[in-house]
>>> print(open('coords_9.cif').read())   # mmCIF, C-alpha atoms and all ligand atoms
data_data
#
loop_
_atom_site.label_atom_id
_atom_site.label_comp_id
_atom_site.auth_asym_id
_atom_site.auth_seq_id
_atom_site.Cartn_x
_atom_site.Cartn_y
_atom_site.Cartn_z
CA MET N 3 8.08 -5.83 27.89
CA ASN N 4 6.14 -3.99 25.21
CA THR N 5 3.86 -6.59 23.56
CA HIS N 6 1.94 -5.90 20.35
CA VAL N 7 -0.69 -8.32 19.09
CA ILE N 8 -0.55 -8.46 15.29
CA THR N 9 -3.21 -9.99 13.06
CA VAL N 10 -1.39 -11.72 10.20
CA LEU N 11 -3.31 -12.23 6.96
CA ALA N 12 -0.87 -13.71 4.43
CA GLY N 13 -3.77 -14.14 2.01
CA ASP N 14 -3.10 -15.53 -1.46
CA GLY N 15 -0.41 -16.08 -4.08
CA ILE N 16 2.90 -14.41 -3.29
CA GLY N 17 1.35 -13.04 -0.08
CA LEU N 18 1.96 -16.55 1.30
CA GLU N 19 5.64 -16.32 0.26
CA VAL N 20 6.61 -12.81 1.31
CA MET N 21 4.72 -12.85 4.62
CA PRO N 22 6.76 -15.53 6.48
CA VAL N 23 9.97 -13.88 5.29
CA ALA N 24 8.82 -10.44 6.51
CA MET N 25 7.76 -11.90 9.88
CA GLU N 26 11.22 -13.42 10.37
CA VAL N 27 12.83 -10.13 9.42
CA LEU N 28 10.66 -8.23 11.92
CA GLU N 29 11.59 -10.74 14.62
CA ALA N 30 15.26 -10.08 13.84
CA ALA N 31 14.66 -6.31 13.87
CA ILE N 32 13.24 -6.36 17.42
CA GLU N 33 16.01 -8.61 18.80
CA GLY N 34 17.62 -6.93 21.78
CA HIS N 35 14.75 -4.43 22.18
CA ASP N 36 12.12 -4.50 24.88
CA VAL N 37 9.45 -5.44 22.35
CA ARG N 38 7.52 -8.60 21.61
CA LEU N 39 5.30 -9.25 18.59
CA GLU N 40 2.51 -11.72 19.28
CA TRP N 41 1.43 -12.98 15.87
CA ARG N 42 -2.20 -14.05 15.36
CA GLU N 43 -2.10 -15.79 12.00
CA GLN N 44 -5.45 -16.21 10.28
CA PRO N 45 -5.97 -18.56 7.32
CA TRP N 46 -8.38 -16.20 5.57
CA GLY N 47 -8.28 -15.71 1.83
CA SER N 48 -9.18 -17.62 -1.31
CA ASP N 49 -8.47 -21.13 0.09
CA TYR N 50 -10.69 -20.31 3.03
CA TYR N 51 -13.30 -19.08 0.55
CA ARG N 52 -13.24 -22.38 -1.32
CA GLN N 53 -13.89 -24.26 1.94
CA HIS N 54 -16.35 -21.91 3.62
CA GLY N 55 -17.91 -19.82 0.85
CA ARG N 56 -16.57 -16.61 2.34
CA MET N 57 -13.18 -14.92 2.54
CA MET N 58 -13.20 -14.54 6.30
CA PRO N 59 -15.57 -15.58 9.13
CA THR N 60 -18.53 -13.39 10.09
CA ASP N 61 -16.84 -12.35 13.34
CA ALA N 62 -13.50 -11.52 11.66
CA ILE N 63 -13.80 -7.78 12.21
CA THR N 64 -14.51 -8.30 15.93
CA THR N 65 -11.58 -10.72 16.18
CA MET N 66 -9.23 -8.15 14.63
CA THR N 67 -10.57 -5.27 16.72
CA ALA N 68 -8.81 -6.73 19.71
CA THR N 69 -5.41 -6.60 18.00
CA ASP N 70 -2.95 -3.69 17.67
CA ALA N 71 -2.33 -3.84 13.91
CA ILE N 72 -3.04 -5.93 10.83
CA PHE N 73 -0.21 -7.18 8.62
CA LEU N 74 -1.58 -8.23 5.22
CA GLY N 75 0.14 -9.97 2.29
CA ALA N 76 -2.20 -9.83 -0.70
CA VAL N 77 -5.53 -11.23 -1.79
CA GLY N 78 -6.65 -12.37 -5.21
CA HIS N 79 -6.72 -15.76 -6.93
CA PRO N 80 -7.32 -16.59 -10.60
CA ASP N 81 -10.03 -19.13 -9.65
CA VAL N 82 -12.03 -16.80 -7.39
CA SER N 83 -13.75 -13.67 -8.64
CA ASP N 84 -12.06 -10.44 -7.55
CA VAL N 85 -15.53 -9.27 -6.53
CA GLU N 86 -15.50 -11.94 -3.80
CA THR N 87 -11.88 -11.54 -2.73
CA LEU N 88 -11.89 -7.76 -2.56
CA TRP N 89 -15.39 -6.98 -1.28
CA GLY N 90 -15.08 -10.02 1.03
CA MET N 91 -11.84 -9.06 2.75
CA LEU N 92 -9.62 -6.14 1.76
CA ILE N 93 -12.27 -3.45 1.31
CA PRO N 94 -14.35 -4.32 4.43
CA ILE N 95 -11.19 -4.15 6.58
CA ARG N 96 -10.27 -0.70 5.22
CA ARG N 97 -13.83 0.55 5.77
CA GLU N 98 -14.86 -1.08 9.04
CA PHE N 99 -11.69 0.23 10.65
CA ASP N 100 -12.06 3.62 8.97
CA GLN N 101 -8.55 3.41 7.53
CA TYR N 102 -9.14 6.50 5.46
CA VAL N 103 -5.47 7.26 4.76
CA ASN N 104 -3.49 5.04 2.44
CA LEU N 105 0.08 6.28 2.85
CA ARG N 106 2.44 5.15 0.11
CA PRO N 107 6.04 6.33 0.12
CA VAL N 108 7.98 5.53 -3.05
CA ARG N 109 11.66 6.27 -3.48
CA SER N 110 14.71 5.26 -5.44
CA PHE N 111 17.62 3.34 -4.05
CA SER N 112 21.10 3.49 -5.45
CA GLY N 113 21.63 0.00 -6.80
CA VAL N 114 18.03 -0.18 -8.04
CA ARG N 115 17.97 1.14 -11.58
CA SER N 116 14.96 3.26 -12.45
CA SER N 117 12.83 2.16 -15.40
CA LEU N 118 13.10 5.75 -16.62
CA ALA N 119 15.76 7.15 -18.92
CA GLY N 120 18.48 9.00 -17.04
CA ASP N 121 17.87 7.01 -13.83
CA PRO N 122 16.27 9.97 -12.00
CA GLU N 123 16.17 10.30 -8.23
CA ILE N 124 12.57 9.69 -7.09
CA ASP N 125 11.24 10.46 -3.62
CA VAL N 126 7.47 10.83 -3.55
CA VAL N 127 4.82 10.25 -0.90
CA ILE N 128 1.34 9.45 -2.13
CA VAL N 129 -1.48 10.18 0.31
CA ARG N 130 -4.42 8.27 -1.09
CA GLU N 131 -8.01 8.62 0.13
CA ASN N 132 -8.91 5.06 1.06
CA VAL N 133 -12.58 4.65 1.92
CA GLU N 134 -14.76 6.62 -0.49
CA GLY N 135 -14.62 8.28 -3.91
CA GLU N 136 -14.67 6.07 -6.96
CA TYR N 137 -14.60 2.90 -4.82
CA SER N 138 -18.13 3.39 -3.53
CA ALA N 139 -20.39 0.45 -2.80
CA VAL N 140 -23.23 2.14 -4.67
CA GLY N 141 -23.69 0.48 -8.01
CA GLY N 142 -23.82 -2.86 -9.67
CA ARG N 143 -24.91 -4.62 -12.83
CA SER N 144 -28.31 -4.85 -14.34
CA TYR N 145 -30.21 -6.52 -17.18
CA GLN N 146 -27.56 -9.20 -17.47
CA GLY N 147 -28.03 -11.45 -20.46
CA THR N 148 -30.12 -8.87 -22.32
CA PRO N 149 -29.14 -6.31 -24.94
CA PHE N 150 -29.71 -3.66 -22.25
CA GLU N 151 -26.96 -5.03 -20.03
CA ALA N 152 -25.27 -2.27 -18.06
CA ALA N 153 -22.91 -1.59 -15.16
CA HIS N 154 -22.79 1.55 -13.11
CA GLN N 155 -21.04 2.92 -10.04
CA GLN N 156 -21.61 6.12 -8.20
CA SER N 157 -18.54 8.02 -7.01
CA ILE N 158 -19.16 9.48 -3.58
CA PHE N 159 -17.00 12.30 -2.27
CA THR N 160 -17.89 13.90 1.04
CA ARG N 161 -16.65 17.21 2.48
CA HIS N 162 -15.66 15.32 5.62
CA GLY N 163 -13.73 12.74 3.58
CA ILE N 164 -11.86 15.28 1.45
CA GLU N 165 -11.09 17.52 4.42
CA ARG N 166 -9.57 14.80 6.55
CA ILE N 167 -7.38 13.30 3.81
CA THR N 168 -6.17 16.78 2.87
CA ARG N 169 -5.36 17.63 6.48
CA PHE N 170 -3.27 14.46 6.69
CA ALA N 171 -1.51 15.27 3.40
CA VAL N 172 -0.82 18.82 4.60
CA GLU N 173 0.93 17.43 7.67
CA VAL N 174 3.02 15.11 5.52
CA ALA N 175 3.94 18.04 3.23
CA GLN N 176 4.80 20.26 6.21
CA GLY N 177 7.25 17.59 7.38
CA ARG N 178 8.89 17.54 3.93
CA SER N 179 9.30 20.29 1.31
CA GLY N 180 5.89 21.94 1.80
CA ARG N 181 5.00 21.22 -1.83
CA LEU N 182 1.68 19.44 -2.26
CA VAL N 183 0.26 18.27 -5.57
CA SER N 184 -3.44 17.46 -5.73
CA ALA N 185 -4.37 14.95 -8.43
CA THR N 186 -7.55 16.11 -10.10
CA LYS N 187 -9.72 15.96 -13.20
CA SER N 188 -11.67 19.12 -12.79
CA ASN N 189 -12.06 20.15 -16.39
CA GLY N 190 -15.79 19.76 -16.02
CA ILE N 191 -16.06 16.16 -17.18
CA ILE N 192 -16.10 14.46 -13.80
CA HIS N 193 -18.60 16.27 -11.59
CA THR N 194 -17.01 15.28 -8.31
CA MET N 195 -13.59 16.77 -9.03
CA PRO N 196 -14.38 20.52 -8.89
CA PHE N 197 -15.74 19.76 -5.40
CA TRP N 198 -12.52 17.90 -4.53
CA ASP N 199 -10.52 20.94 -5.73
CA GLU N 200 -12.58 23.41 -3.70
CA VAL N 201 -12.30 21.48 -0.45
CA VAL N 202 -8.59 20.70 -0.91
CA ALA N 203 -7.89 24.41 -1.57
CA GLU N 204 -9.90 25.48 1.51
CA VAL N 205 -7.99 23.12 3.80
CA VAL N 206 -4.61 24.14 2.39
CA ALA N 207 -5.53 27.85 2.72
CA GLN N 208 -6.03 27.31 6.46
CA SER N 209 -2.59 25.68 6.80
CA ASP N 210 0.87 27.16 7.09
CA GLY N 211 3.83 26.58 4.85
CA VAL N 212 2.21 24.51 2.12
CA GLN N 213 2.08 25.45 -1.55
CA LEU N 214 -0.66 23.66 -3.43
CA GLU N 215 -0.59 22.77 -7.09
CA SER N 216 -3.64 21.11 -8.66
CA VAL N 217 -2.65 19.00 -11.63
CA LEU N 218 -4.93 17.08 -13.97
CA ILE N 219 -4.38 13.36 -13.48
CA ASP N 220 -3.49 12.67 -17.11
CA ALA N 221 -0.85 15.41 -17.18
CA LEU N 222 0.34 14.31 -13.73
CA ALA N 223 0.91 10.77 -15.00
CA ALA N 224 3.09 12.15 -17.80
CA ARG N 225 4.94 14.43 -15.37
CA ALA N 226 5.57 11.52 -13.00
CA VAL N 227 7.58 9.78 -15.69
CA ARG N 228 9.11 12.87 -17.33
CA SER N 229 10.18 14.78 -14.24
CA PRO N 230 9.43 12.83 -11.05
CA GLN N 231 11.87 15.10 -9.16
CA SER N 232 9.33 17.92 -9.49
CA ILE N 233 6.87 15.99 -7.30
CA ASP N 234 7.12 15.60 -3.53
CA VAL N 235 3.76 14.85 -1.84
CA ILE N 236 0.62 13.92 -3.75
CA VAL N 237 -2.92 13.92 -2.35
CA ALA N 238 -5.25 11.85 -4.47
CA SER N 239 -8.65 10.21 -4.56
CA ASN N 240 -8.99 6.46 -4.13
CA LEU N 241 -8.67 5.45 -7.79
CA PHE N 242 -6.20 8.12 -8.88
CA GLY N 243 -4.00 7.32 -5.85
CA ASP N 244 -4.15 3.62 -6.66
CA ILE N 245 -2.97 4.11 -10.22
CA LEU N 246 -0.31 6.69 -9.34
CA SER N 247 1.21 4.44 -6.69
CA ASP N 248 1.88 1.59 -9.12
CA LEU N 249 3.04 4.11 -11.74
CA VAL N 250 5.63 5.77 -9.51
CA ALA N 251 6.72 2.43 -8.00
CA GLY N 252 7.15 1.07 -11.53
CA ALA N 253 9.22 4.13 -12.39
CA VAL N 254 11.52 3.42 -9.42
CA GLY N 255 12.14 -0.07 -10.77
CA SER N 256 9.57 -2.54 -9.42
CA ILE N 257 6.24 -2.49 -7.65
CA GLY N 258 7.68 -5.30 -5.51
CA ILE N 259 9.44 -2.84 -3.20
CA ALA N 260 6.58 -0.40 -2.52
CA PRO N 261 4.85 -0.43 0.91
CA SER N 262 1.55 0.93 2.06
CA ALA N 263 -0.04 1.86 5.37
CA ASN N 264 -3.83 1.90 5.65
CA LEU N 265 -4.13 4.23 8.60
CA ASN N 266 -6.85 5.15 11.02
CA PRO N 267 -4.92 8.21 12.25
CA GLU N 268 -7.15 8.72 15.30
CA ARG N 269 -6.16 5.21 16.44
CA GLU N 270 -9.72 4.27 17.30
CA HIS N 271 -9.25 1.11 15.24
CA PRO N 272 -6.30 -1.01 14.14
CA SER N 273 -4.41 0.14 11.05
CA MET N 274 -3.31 -2.26 8.31
CA PHE N 275 0.11 -2.57 6.67
CA GLU N 276 0.63 -4.28 3.32
CA PRO N 277 2.73 -4.05 0.18
CA VAL N 278 1.31 -2.05 -2.74
CA HIS N 279 1.45 -5.09 -5.04
CA GLY N 280 -1.10 -7.88 -5.35
CA SER N 281 -0.94 -11.67 -5.25
CA ALA N 282 1.01 -11.87 -8.56
CA PRO N 283 -0.42 -15.20 -9.83
CA ASP N 284 2.05 -15.07 -12.73
CA ILE N 285 5.03 -15.70 -10.41
CA ALA N 286 3.31 -17.30 -7.38
CA GLY N 287 4.80 -20.60 -6.20
CA ARG N 288 8.26 -19.93 -7.66
CA GLY N 289 9.89 -18.39 -4.60
CA ILE N 290 11.08 -15.33 -6.53
CA ALA N 291 8.73 -12.62 -5.28
CA ASN N 292 10.45 -9.51 -3.99
CA PRO N 293 9.83 -9.38 -0.21
CA ILE N 294 10.97 -5.76 0.26
CA GLY N 295 7.46 -4.24 -0.12
CA GLN N 296 6.21 -6.50 2.68
CA ILE N 297 9.30 -5.85 4.84
CA TRP N 298 9.06 -2.08 4.35
CA ALA N 299 5.33 -2.25 5.22
CA GLY N 300 6.48 -4.04 8.39
CA ALA N 301 8.83 -1.15 9.16
CA MET N 302 5.90 1.27 8.76
CA MET N 303 3.94 -0.91 11.19
CA LEU N 304 6.74 -0.76 13.77
CA ARG N 305 6.86 3.03 13.42
CA HIS N 306 3.08 3.22 13.88
CA LEU N 307 3.40 1.09 17.03
CA GLY N 308 5.84 3.63 18.45
CA HIS N 309 9.20 2.08 17.53
CA ASP N 310 10.82 4.73 15.35
CA ASP N 311 14.32 3.58 16.15
CA ILE N 312 13.67 -0.06 15.23
CA ALA N 313 11.84 0.99 12.05
CA THR N 314 14.72 3.25 11.00
CA GLY N 315 17.25 0.48 11.68
CA LEU N 316 15.23 -1.93 9.55
CA GLU N 317 14.92 0.59 6.70
CA GLU N 318 18.68 1.17 6.79
CA ALA N 319 19.29 -2.59 6.69
CA PHE N 320 17.11 -3.32 3.65
CA THR N 321 18.45 -0.18 1.94
CA ALA N 322 22.00 -1.55 2.33
CA VAL N 323 20.90 -4.90 0.87
CA LEU N 324 19.25 -3.19 -2.11
CA GLU N 325 22.30 -0.99 -2.63
CA ARG N 326 24.55 -4.06 -2.79
CA GLY N 327 22.30 -5.46 -5.53
CA GLU N 328 21.19 -8.45 -3.45
CA VAL N 329 17.82 -8.54 -5.17
CA THR N 330 15.16 -10.72 -6.77
CA PRO N 331 14.66 -11.11 -10.56
CA ASP N 332 12.16 -8.22 -10.87
CA LEU N 333 15.12 -5.94 -10.07
CA GLY N 334 17.52 -7.84 -12.30
CA GLY N 335 18.97 -10.04 -9.56
CA SER N 336 18.97 -13.77 -9.03
CA LEU N 337 18.19 -14.12 -5.32
CA SER N 338 15.07 -15.87 -4.06
CA THR N 339 12.50 -14.36 -1.70
CA VAL N 340 14.01 -16.28 1.21
CA GLU N 341 17.58 -15.27 0.30
CA VAL N 342 16.69 -11.57 0.26
CA GLY N 343 15.06 -11.99 3.68
CA ALA N 344 18.20 -13.74 4.96
CA ALA N 345 20.36 -10.92 3.58
CA VAL N 346 18.29 -8.33 5.48
CA ILE N 347 18.50 -10.38 8.69
CA ALA N 348 22.29 -10.76 8.30
CA GLU N 349 22.61 -7.00 7.74
CA LEU N 350 20.51 -6.24 10.84
CA ARG N 351 22.71 -8.51 12.98
CA ARG N 352 25.93 -7.13 11.48
CA ARG N 353 24.84 -3.60 12.36
CA ARG N 354 23.98 -4.63 15.89
CA ALA N 355 27.25 -6.46 16.54
P1 LIG G 1 0.08 -7.66 -9.02
O1 LIG G 1 0.55 -6.49 -8.25
O2 LIG G 1 -0.21 -8.88 -8.27
O3 LIG G 1 1.16 -8.00 -10.16
C1 LIG G 1 1.48 -7.11 -11.24
C2 LIG G 1 2.83 -7.48 -11.83
O4 LIG G 1 3.88 -7.15 -10.91
C3 LIG G 1 2.97 -8.97 -12.10
O5 LIG G 1 3.71 -9.19 -13.28
C4 LIG G 1 3.72 -9.48 -10.90
O6 LIG G 1 4.50 -10.64 -11.14
C5 LIG G 1 4.61 -8.28 -10.54
N1 LIG G 1 4.86 -8.25 -9.09
C6 LIG G 1 3.96 -7.87 -8.15
N2 LIG G 1 4.50 -7.99 -6.92
C7 LIG G 1 5.75 -8.45 -7.09
C8 LIG G 1 6.80 -8.79 -6.20
N3 LIG G 1 6.68 -8.66 -4.87
N4 LIG G 1 7.95 -9.26 -6.72
C9 LIG G 1 8.11 -9.38 -8.04
N5 LIG G 1 7.15 -9.08 -8.95
C10 LIG G 1 5.99 -8.62 -8.47
O7 LIG G 1 -1.19 -7.17 -9.83
P2 LIG G 1 -2.22 -8.00 -10.74
O8 LIG G 1 -1.50 -9.12 -11.42
O9 LIG G 1 -2.91 -7.00 -11.50
O10 LIG G 1 -3.26 -8.60 -9.70
C11 LIG G 1 -3.20 -9.95 -9.23
C12 LIG G 1 -4.26 -10.15 -8.16
O11 LIG G 1 -3.93 -9.41 -7.00
C13 LIG G 1 -5.67 -9.70 -8.56
O12 LIG G 1 -6.57 -10.64 -8.07
C14 LIG G 1 -5.81 -8.36 -7.87
O13 LIG G 1 -7.15 -8.03 -7.59
C15 LIG G 1 -5.04 -8.61 -6.60
N6 LIG G 1 -4.51 -7.42 -5.92
C16 LIG G 1 -4.57 -7.42 -4.56
C17 LIG G 1 -4.01 -6.39 -3.85
C18 LIG G 1 -4.07 -6.42 -2.36
O14 LIG G 1 -4.32 -7.46 -1.78
N7 LIG G 1 -3.86 -5.33 -1.69
C19 LIG G 1 -3.34 -5.36 -4.52
C20 LIG G 1 -3.28 -5.38 -5.92
C21 LIG G 1 -3.86 -6.43 -6.62
C1 LIG G 2 -4.25 -1.75 -3.83
C2 LIG G 2 -5.07 -2.65 -4.71
C3 LIG G 2 -6.53 -2.59 -4.33
C4 LIG G 2 -7.01 -1.16 -4.50
C5 LIG G 2 -7.43 -3.52 -5.14
C6 LIG G 2 -6.95 -4.91 -5.08
C7 LIG G 2 -8.87 -3.37 -4.71
O1 LIG G 2 -4.86 -2.38 -6.05
O2 LIG G 2 -4.25 -1.93 -2.61
O3 LIG G 2 -3.59 -0.87 -4.38
O4 LIG G 2 -7.28 -0.71 -5.61
O5 LIG G 2 -7.11 -0.48 -3.48
MN MN G 3 -3.29 -0.95 -6.42
#
>>> encode(input="coords_9.cif", output="structure tokens")
Amino acid sequence: MNTHVITVLAGDGIGLEVMPVAMEVLEAAIEGHDVRLEWREQPWGSDYYRQHGRMMPTDAITTMTATDAIFLGAVGHPDVSDVETLWGMLIPIRREFDQYVNLRPVRSFSGVRSSLAGDPEIDVVIVRENVEGEYSAVGGRSYQGTPFEAAHQQSIFTRHGIERITRFAVEVAQGRSGRLVSATKSNGIIHTMPFWDEVVAEVVAQSDGVQLESVLIDALAARAVRSPQSIDVIVASNLFGDILSDLVAGAVGSIGIAPSANLNPEREHPSMFEPVHGSAPDIAGRGIANPIGQIWAGAMMLRHLGHDDIATGLEEAFTAVLERGEVTPDLGGSLSTVEVGAAVIAELRRRRA
């Protein structure tokens, strides 16, 4: 029996609603296979913060090191500062485990109407740098409460960081159309971006079968809504990749279906799988959150753990459910989170029978 130990961090808000549904779906997906998922559920997040003054215990990273993957819902609560929730949990996990790739596939499904006129076919993979760039820890606030009050943050781009994310993106592009778009802002305003362009171009020049196009981020945002079909794989810095992933997912129809894999490709540390969306306080507690982003992230986790066949079966099952229009209100449907999960489980079992 192939056993994988999974750290489960449901977190906050709708994370607490979509996570149990996704876990049940994954259990159904592995039925009949020689695989066991041993869930290690941790109560870390904003409730934990209110009780203990921190988002997770001091030995949390060590505790997770011993597990094969991390399955995260979302963190963020209106009553706790995002500074605490993010720097106290999400960001340290990405960094301590050197999860420098944030892989975000976004695609349309027939049955899910695009938010864009003409209902275009969208199939884009965003390869987002995940541990440096604009999200550096260097910075802060000063002179608070005085007229000189200021905030500053230093973007840090390293050759090593740009090279490795580009190499990963090149491999993704080679496995698809070979077309790679680099999101940039190199018109001299942002000092780091000409460096990004140089290193990206060098790495691509050493690779076979990839055509590189560098596109300014503002124009790329417009192109992503005007002609998303012209984009296949995007390599982007931390902040640009973050914004583009919600933009393209919104264009497909809802950010509720988009998954993300925070990968340590060398597998020296556990990788983390989570939906692209956050804790959605505006709909939390109503049972209507779309669980597909979490379920799809679960499929990416199964693929990472070596179970391509199970992952593909699960993707086919939720695709069929989406195509039948069995969806939550964000996609115009009337099903609850739990009902969508049940529909995916029923589809998995029907296909197996
Ligand atoms: P959000 O992604 O939580 O929500 C944005 C909008 O999309 C909301 O209207 C929400 O209702 C909707 N939405 C999101 N997921 C949905 C789903 N599964 N089904 C249906 N509708 C969905 O972003 P936000 O409101 O800007 O942020 C809320 C909190 O989440 C903040 O504290 C933020 O820092 C945090 N956040 C955390 C993560 C993470 O844990 N990885 C990611 C993004 C935001
Ligand atoms: C995401 C989120 C996070 C990010 C926030 C919550 C720090 O938006 O995972 O996309 O920007 O990385
Ligand atoms: Mn985001």
>>> closest_atom_pairs(input="coords_9.cif", of="chain N", to="ligand LIG 1 (chain G)", cutoff="8 Å", atoms="all atoms listed in the file", output="JSON lines")
{"residue": "N:Gly13", "atom": "CA", "partner": "G:LIG1", "partner_atom": "O14", "distance": 7.7}
{"residue": "N:Ile16", "atom": "CA", "partner": "G:LIG1", "partner_atom": "N3", "distance": 7.1}
{"residue": "N:Val20", "atom": "CA", "partner": "G:LIG1", "partner_atom": "N3", "distance": 7.4}
{"residue": "N:Leu74", "atom": "CA", "partner": "G:LIG1", "partner_atom": "O14", "distance": 7.6}
{"residue": "N:Gly75", "atom": "CA", "partner": "G:LIG1", "partner_atom": "O14", "distance": 6.5}
{"residue": "N:Ala76", "atom": "CA", "partner": "G:LIG1", "partner_atom": "O14", "distance": 3.4}
{"residue": "N:Val77", "atom": "CA", "partner": "G:LIG1", "partner_atom": "O14", "distance": 4.0}
{"residue": "N:Gly78", "atom": "CA", "partner": "G:LIG1", "partner_atom": "O12", "distance": 3.3}
{"residue": "N:His79", "atom": "CA", "partner": "G:LIG1", "partner_atom": "O12", "distance": 5.2}
{"residue": "N:Pro80", "atom": "CA", "partner": "G:LIG1", "partner_atom": "O12", "distance": 6.5}
{"residue": "N:Ser83", "atom": "CA", "partner": "G:LIG1", "partner_atom": "O12", "distance": 7.8}
{"residue": "N:Asp84", "atom": "CA", "partner": "G:LIG1", "partner_atom": "O13", "distance": 5.5}
{"residue": "N:Thr87", "atom": "CA", "partner": "G:LIG1", "partner_atom": "O12", "distance": 7.6}
{"residue": "N:Leu88", "atom": "CA", "partner": "G:LIG1", "partner_atom": "O13", "distance": 6.9}
{"residue": "N:Leu92", "atom": "CA", "partner": "G:LIG1", "partner_atom": "O14", "distance": 6.5}
{"residue": "N:Ser256", "atom": "CA", "partner": "G:LIG1", "partner_atom": "N5", "distance": 7.0}
{"residue": "N:Ile257", "atom": "CA", "partner": "G:LIG1", "partner_atom": "N2", "distance": 5.8}
{"residue": "N:Gly258", "atom": "CA", "partner": "G:LIG1", "partner_atom": "N3", "distance": 3.6}
{"residue": "N:Ile259", "atom": "CA", "partner": "G:LIG1", "partner_atom": "N3", "distance": 6.7}
{"residue": "N:Glu276", "atom": "CA", "partner": "G:LIG1", "partner_atom": "N7", "distance": 6.8}
{"residue": "N:Pro277", "atom": "CA", "partner": "G:LIG1", "partner_atom": "N7", "distance": 7.0}
{"residue": "N:Val278", "atom": "CA", "partner": "G:LIG1", "partner_atom": "C19", "distance": 6.0}
{"residue": "N:His279", "atom": "CA", "partner": "G:LIG1", "partner_atom": "O1", "distance": 3.6}
{"residue": "N:Gly280", "atom": "CA", "partner": "G:LIG1", "partner_atom": "O2", "distance": 3.2}
{"residue": "N:Ser281", "atom": "CA", "partner": "G:LIG1", "partner_atom": "O11", "distance": 4.1}
{"residue": "N:Ala282", "atom": "CA", "partner": "G:LIG1", "partner_atom": "O2", "distance": 3.2}
{"residue": "N:Pro283", "atom": "CA", "partner": "G:LIG1", "partner_atom": "C11", "distance": 6.0}
{"residue": "N:Asp284", "atom": "CA", "partner": "G:LIG1", "partner_atom": "O6", "distance": 5.3}
{"residue": "N:Ile285", "atom": "CA", "partner": "G:LIG1", "partner_atom": "O6", "distance": 5.1}
{"residue": "N:Ala286", "atom": "CA", "partner": "G:LIG1", "partner_atom": "O6", "distance": 7.7}
{"residue": "N:Ile290", "atom": "CA", "partner": "G:LIG1", "partner_atom": "C9", "distance": 6.8}
{"residue": "N:Ala291", "atom": "CA", "partner": "G:LIG1", "partner_atom": "N4", "distance": 3.7}
{"residue": "N:Asn292", "atom": "CA", "partner": "G:LIG1", "partner_atom": "N4", "distance": 3.7}
{"residue": "N:Pro293", "atom": "CA", "partner": "G:LIG1", "partner_atom": "N3", "distance": 5.7}
{"residue": "N:Ile294", "atom": "CA", "partner": "G:LIG1", "partner_atom": "N3", "distance": 7.3}
{"residue": "N:Gly295", "atom": "CA", "partner": "G:LIG1", "partner_atom": "N3", "distance": 6.5}
{"residue": "N:Gln296", "atom": "CA", "partner": "G:LIG1", "partner_atom": "N3", "distance": 7.9}
{"residue": "N:Thr330", "atom": "CA", "partner": "G:LIG1", "partner_atom": "C9", "distance": 7.3}
{"residue": "N:Pro331", "atom": "CA", "partner": "G:LIG1", "partner_atom": "C9", "distance": 7.2}
{"residue": "N:Asp332", "atom": "CA", "partner": "G:LIG1", "partner_atom": "C9", "distance": 5.1}
>>> closest_residue(input="coords_9.cif", among="N:Gly34, N:Gly334, N:Gly252, N:Gly315", to="ligand MN 3 (chain G)", atoms="all atoms listed in the file")
N:Gly252
>>> residues_near_point(input="coords_9.cif", point="(5.8, -3.4, 21.1)", cutoff="8 Å", atoms="all atoms listed in the file", output="MDAnalysis selection string")
chainID N and resid 3:6 36:39 304 307:309
>>> residues_near_ligand(input="coords_9.cif", ligand="ligand MN 3 (chain G)", cutoff="9 Å", atoms="all atoms listed in the file", output="list in words")
Leu241, Gly243, Asp244, Ile245, Leu246, Ser247, Asp248, Val278, His279 and Gly280 of chain N
>>> closest_residue(input="coords_9.cif", among="N:Ala263, N:Ala68, N:Val7, N:Met195", to="ligand LIG 2 (chain G)", atoms="only C-alpha atoms and all ligand atoms")
N:Ala263
>>> residues_around(input="coords_9.cif", residues="Gly55 of chain N", least_positions_apart="3", cutoff="12 Å", atoms="only C-alpha atoms", output="MDAnalysis selection string")
chainID N and resid 46:52 58:60 82 86:87 90
>>> closest_residue(input="coords_9.cif", among="N:Trp89, N:Phe159, N:Phe275, N:Phe111", to="His306 of chain N", atoms="only C-alpha atoms")
N:Phe275
>>> closest_residue(input="coords_9.cif", among="N:Glu29, N:Glu134, N:Asp310, N:Glu215", to="ligand LIG 2 (chain G)", atoms="all atoms listed in the file")
N:Glu134
>>> atom_distance(input="coords_9.cif", atom1="atom CA of Ala203 of chain N", atom2="atom CA of Leu249 of chain N")
25.2 Å
>>> residues_near_point(input="coords_9.cif", point="(-9.8, 5.4, 8.1)", cutoff="8 Å", atoms="only C-alpha atoms", output="PDB file with C-alpha atoms, in the coordinates of the input")
ATOM      1  CA  ARG N  96     -10.270  -0.700   5.220  1.00  0.00           C
ATOM      2  CA  ARG N  97     -13.830   0.550   5.770  1.00  0.00           C
ATOM      3  CA  PHE N  99     -11.690   0.230  10.650  1.00  0.00           C
ATOM      4  CA  ASP N 100     -12.060   3.620   8.970  1.00  0.00           C
ATOM      5  CA  GLN N 101      -8.550   3.410   7.530  1.00  0.00           C
ATOM      6  CA  TYR N 102      -9.140   6.500   5.460  1.00  0.00           C
ATOM      7  CA  VAL N 103      -5.470   7.260   4.760  1.00  0.00           C
ATOM      8  CA  ASN N 132      -8.910   5.060   1.060  1.00  0.00           C
ATOM      9  CA  VAL N 133     -12.580   4.650   1.920  1.00  0.00           C
ATOM     10  CA  ASN N 264      -3.830   1.900   5.650  1.00  0.00           C
ATOM     11  CA  LEU N 265      -4.130   4.230   8.600  1.00  0.00           C
ATOM     12  CA  ASN N 266      -6.850   5.150  11.020  1.00  0.00           C
ATOM     13  CA  PRO N 267      -4.920   8.210  12.250  1.00  0.00           C
TER      14      PRO N 267
END
